[in-house]
$ cat entry-v1.csv   # CSV, C-alpha atoms and all ligand atoms
chain,number,residue,atom,x,y,z
A,238,MET,CA,19.9,30.0,11.4
A,239,LYS,CA,20.3,27.6,8.5
A,240,LYS,CA,20.3,24.6,10.9
A,241,LEU,CA,17.2,26.0,12.6
A,242,LEU,CA,15.4,26.4,9.3
A,243,LEU,CA,16.3,22.9,8.2
A,244,GLY,CA,15.0,21.5,11.5
A,245,PHE,CA,11.8,23.3,11.0
A,246,ILE,CA,11.3,21.9,7.5
A,247,THR,CA,12.0,18.4,8.6
A,248,LEU,CA,9.4,18.7,11.4
A,249,LEU,CA,6.8,19.9,8.9
A,250,LEU,CA,7.5,17.0,6.6
A,251,SER,CA,7.2,14.4,9.4
A,252,VAL,CA,3.9,16.0,10.5
A,253,SER,CA,2.4,15.9,7.1
A,254,LEU,CA,3.4,12.2,6.6
A,255,TYR,CA,2.2,11.1,10.1
A,256,GLY,CA,-1.4,10.4,10.8
A,257,GLU,CA,-2.6,10.1,7.2
A,258,THR,CA,-4.6,7.3,5.8
A,259,VAL,CA,-3.6,5.7,2.5
A,260,ASP,CA,-5.8,6.4,-0.5
A,261,GLN,CA,-4.2,5.7,-3.8
A,262,TYR,CA,-5.8,5.3,-7.2
A,263,GLY,CA,-4.3,3.6,-10.3
A,264,VAL,CA,-5.3,2.3,-13.7
A,265,LYS,CA,-3.8,-0.9,-15.0
A,266,ASP,CA,-4.8,-2.8,-18.2
A,267,GLY,CA,-8.1,-1.0,-18.2
A,268,TYR,CA,-8.9,-1.8,-14.5
A,269,ASP,CA,-9.4,1.0,-12.0
A,270,ILE,CA,-7.8,0.2,-8.7
A,271,ARG,CA,-8.1,1.9,-5.4
A,272,LEU,CA,-5.9,1.0,-2.4
A,273,TYR,CA,-6.9,2.5,0.9
A,274,THR,CA,-6.8,2.2,4.7
A,275,GLU,CA,-9.2,3.4,7.3
A,276,ASP,CA,-6.5,4.3,9.8
A,277,SER,CA,-3.1,5.7,9.3
A,278,PRO,CA,-0.5,2.9,8.9
A,279,ILE,CA,1.4,1.9,11.9
A,280,VAL,CA,4.3,-0.5,12.8
A,281,GLY,CA,2.4,-3.8,13.3
A,282,ASN,CA,-0.8,-5.1,11.6
A,283,ASN,CA,-2.7,-2.9,9.2
A,284,ASN,CA,-5.9,-3.5,7.3
A,285,PHE,CA,-5.6,-2.6,3.6
A,286,PHE,CA,-8.5,-2.5,1.3
A,287,VAL,CA,-8.7,-2.7,-2.5
A,288,THR,CA,-11.5,-2.2,-4.9
A,289,LEU,CA,-11.3,-3.1,-8.6
A,290,GLN,CA,-13.6,-1.8,-11.3
A,291,GLN,CA,-13.8,-2.0,-15.0
A,292,ASN,CA,-16.0,0.5,-16.9
A,293,GLY,CA,-17.5,1.6,-13.5
A,294,LYS,CA,-18.5,-2.0,-12.5
A,295,ASP,CA,-17.0,-4.2,-9.9
A,296,VAL,CA,-14.8,-6.9,-11.4
A,297,LYS,CA,-15.7,-10.5,-10.4
A,298,GLY,CA,-13.6,-13.6,-10.0
A,299,VAL,CA,-10.4,-11.8,-9.1
A,300,LYS,CA,-7.6,-12.9,-6.7
A,301,VAL,CA,-5.7,-10.1,-5.0
A,302,LYS,CA,-2.5,-10.1,-3.0
A,303,MET,CA,-0.1,-7.5,-1.8
A,304,LYS,CA,3.6,-7.7,-1.0
A,305,VAL,CA,5.4,-4.9,0.9
A,306,PHE,CA,9.1,-4.7,1.1
A,307,MET,CA,12.0,-2.5,2.2
A,308,PRO,CA,15.4,-2.7,0.6
A,309,GLU,CA,18.5,-3.6,2.6
A,310,MET,CA,20.0,-0.7,4.4
A,311,PRO,CA,23.2,-0.3,6.5
A,312,GLY,CA,22.7,-2.4,9.6
A,313,MET,CA,19.3,-3.6,8.4
A,314,PRO,CA,18.4,-6.6,6.3
A,315,TYR,CA,15.9,-6.7,3.4
A,316,MET,CA,12.3,-7.0,4.8
A,317,GLU,CA,9.1,-8.1,3.2
A,318,TYR,CA,5.6,-9.2,4.1
A,319,GLU,CA,2.8,-10.6,1.9
A,320,ASP,CA,-0.9,-11.4,2.3
A,321,LYS,CA,-3.6,-12.7,0.1
A,322,ALA,CA,-6.8,-10.8,0.1
A,323,THR,CA,-10.2,-12.0,1.4
A,324,LYS,CA,-13.2,-10.6,-0.2
A,325,VAL,CA,-15.9,-8.9,1.9
A,326,ALA,CA,-18.8,-7.6,-0.2
A,327,ASN,CA,-17.0,-5.9,-3.1
A,328,VAL,CA,-13.9,-5.0,-1.2
A,329,TYR,CA,-10.7,-7.0,-1.0
A,330,LYS,CA,-9.1,-7.0,2.5
A,331,MET,CA,-5.5,-7.7,3.4
A,332,VAL,CA,-3.7,-7.6,6.7
A,333,ILE,CA,-0.2,-6.2,6.2
A,334,ASN,CA,2.5,-6.2,9.0
A,335,PHE,CA,5.1,-3.5,8.9
A,336,SER,CA,8.1,-4.4,11.0
A,337,MET,CA,9.4,-0.8,11.2
A,338,GLY,CA,8.6,2.8,10.2
A,339,GLY,CA,9.8,4.4,7.0
A,340,THR,CA,9.0,4.0,3.3
A,341,TRP,CA,7.7,0.6,2.2
A,342,GLN,CA,7.4,-0.3,-1.5
A,343,TYR,CA,4.5,-2.5,-2.5
A,344,HIS,CA,3.5,-4.7,-5.4
A,345,LEU,CA,-0.2,-5.2,-5.6
A,346,LYS,CA,-1.1,-8.2,-7.8
A,347,PHE,CA,-4.5,-9.2,-9.1
A,348,LYS,CA,-5.3,-12.2,-11.2
A,349,THR,CA,-8.4,-11.8,-13.3
A,350,SER,CA,-10.7,-14.6,-14.5
A,351,ASP,CA,-8.8,-14.7,-17.8
A,352,GLY,CA,-5.8,-16.0,-15.9
A,353,LYS,CA,-3.8,-12.7,-16.4
A,354,VAL,CA,-1.8,-11.3,-13.5
A,355,HIS,CA,-1.6,-7.5,-13.3
A,356,THR,CA,0.8,-5.7,-11.0
A,357,VAL,CA,0.5,-2.2,-9.6
A,358,ARG,CA,3.5,-0.7,-7.8
A,359,GLY,CA,3.7,2.1,-5.3
A,360,SER,CA,4.8,3.0,-1.8
A,361,VAL,CA,3.4,3.8,1.6
A,362,ASN,CA,5.0,5.9,4.3
A,363,LEU,CA,4.7,5.4,8.0
B,1,CU,CU,13.9,-0.9,7.1
$ encode --input "entry-v1.csv" --output "structure tokens" --more "lines below"
Ligand SMILES: [Cu+2]
Amino acid sequence: MKKLLLGFITLLLSVSLYGETVDQYGVKDGYDIRLYTEDSPIVGNNNFFVTLQQNGKDVKGVKVKMKVFMPEMPGMPYMEYEDKATKVANVYKMVINFSMGGTWQYHLKFKTSDGKVHTVRGSVNL
């Protein structure tokens, strides 16, 4: 019975993680950051979008890049992938390749026009 219950809980968790888009908000050094996807992340290429605002206005002259990585695990080397964003209208777009499922950490870096580099950390599940 215990085993059956545990199996049921695991199933529920995997269902809730699967098929969800990414939509994460953060504040760093006075900048409001939103990181999101339009589709649920998959193994392979994924479009990630970032918007950056300060006091409710889009921030100009910013360079954005994102690194995703997964720590070394038994039988599996450290993995990472990085892309620099291209700007389309007021949205920064990156194409991120995940080489396997699981939890990926990310460092989202943006360089503002004053030359400062700001880093936001988080994770994405797939
Ligand atoms: Cu891995």
$ residues_near_ligand --input "entry-v1.csv" --ligand "ligand CU 1 (chain B)" --cutoff "12 Å" --atoms "all atoms listed in the file" --output "list of chain:residue names"
A:Val280, A:Val305, A:Phe306, A:Met307, A:Pro308, A:Glu309, A:Met310, A:Pro311, A:Gly312, A:Met313, A:Pro314, A:Tyr315, A:Met316, A:Glu317, A:Phe335, A:Ser336, A:Met337, A:Gly338, A:Gly339, A:Thr340, A:Trp341, A:Gln342, A:Asn362, A:Leu363
$ atom_distance --input "entry-v1.csv" --atom1 "atom CA of Ser277 of chain A" --atom2 "atom CA of Val354 of chain A"
28.5 Å
$ atom_distance --input "entry-v1.csv" --atom1 "atom CA of Glu257 of chain A" --atom2 "atom CA of Lys302 of chain A"
22.6 Å
$ closest_residue --input "entry-v1.csv" --among "A:Asn283, A:Gly293, A:Thr323, A:Lys304" --to "Gly359 of chain A" --atoms "only C-alpha atoms"
A:Lys304
$ atom_distance --input "entry-v1.csv" --atom1 "atom CA of Gly267 of chain A" --atom2 "atom CA of Glu319 of chain A"
24.8 Å
$ closest_residue --input "entry-v1.csv" --among "A:Ile279, A:Asn292, A:Arg271, A:Arg358" --to "Lys346 of chain A" --atoms "only C-alpha atoms"
A:Arg358
$ residues_around --input "entry-v1.csv" --residues "Ile270 of chain A" --least-positions-apart "5" --cutoff "12 Å" --atoms "all atoms listed in the file" --output "PyMOL selection string"
chain A and resi 260-265+286-296+301+328-329+345-347+355-358
$ residues_near_point --input "entry-v1.csv" --point "(1.7, -14.6, 8.6)" --cutoff "10 Å" --atoms "only C-alpha atoms" --output "PyMOL selection string"
chain A and resi 318-320+332-334
$ closest_residue --input "entry-v1.csv" --among "A:Gly281, A:Lys330, A:Val259, A:Leu272" --to "His344 of chain A" --atoms "all atoms listed in the file"
A:Leu272
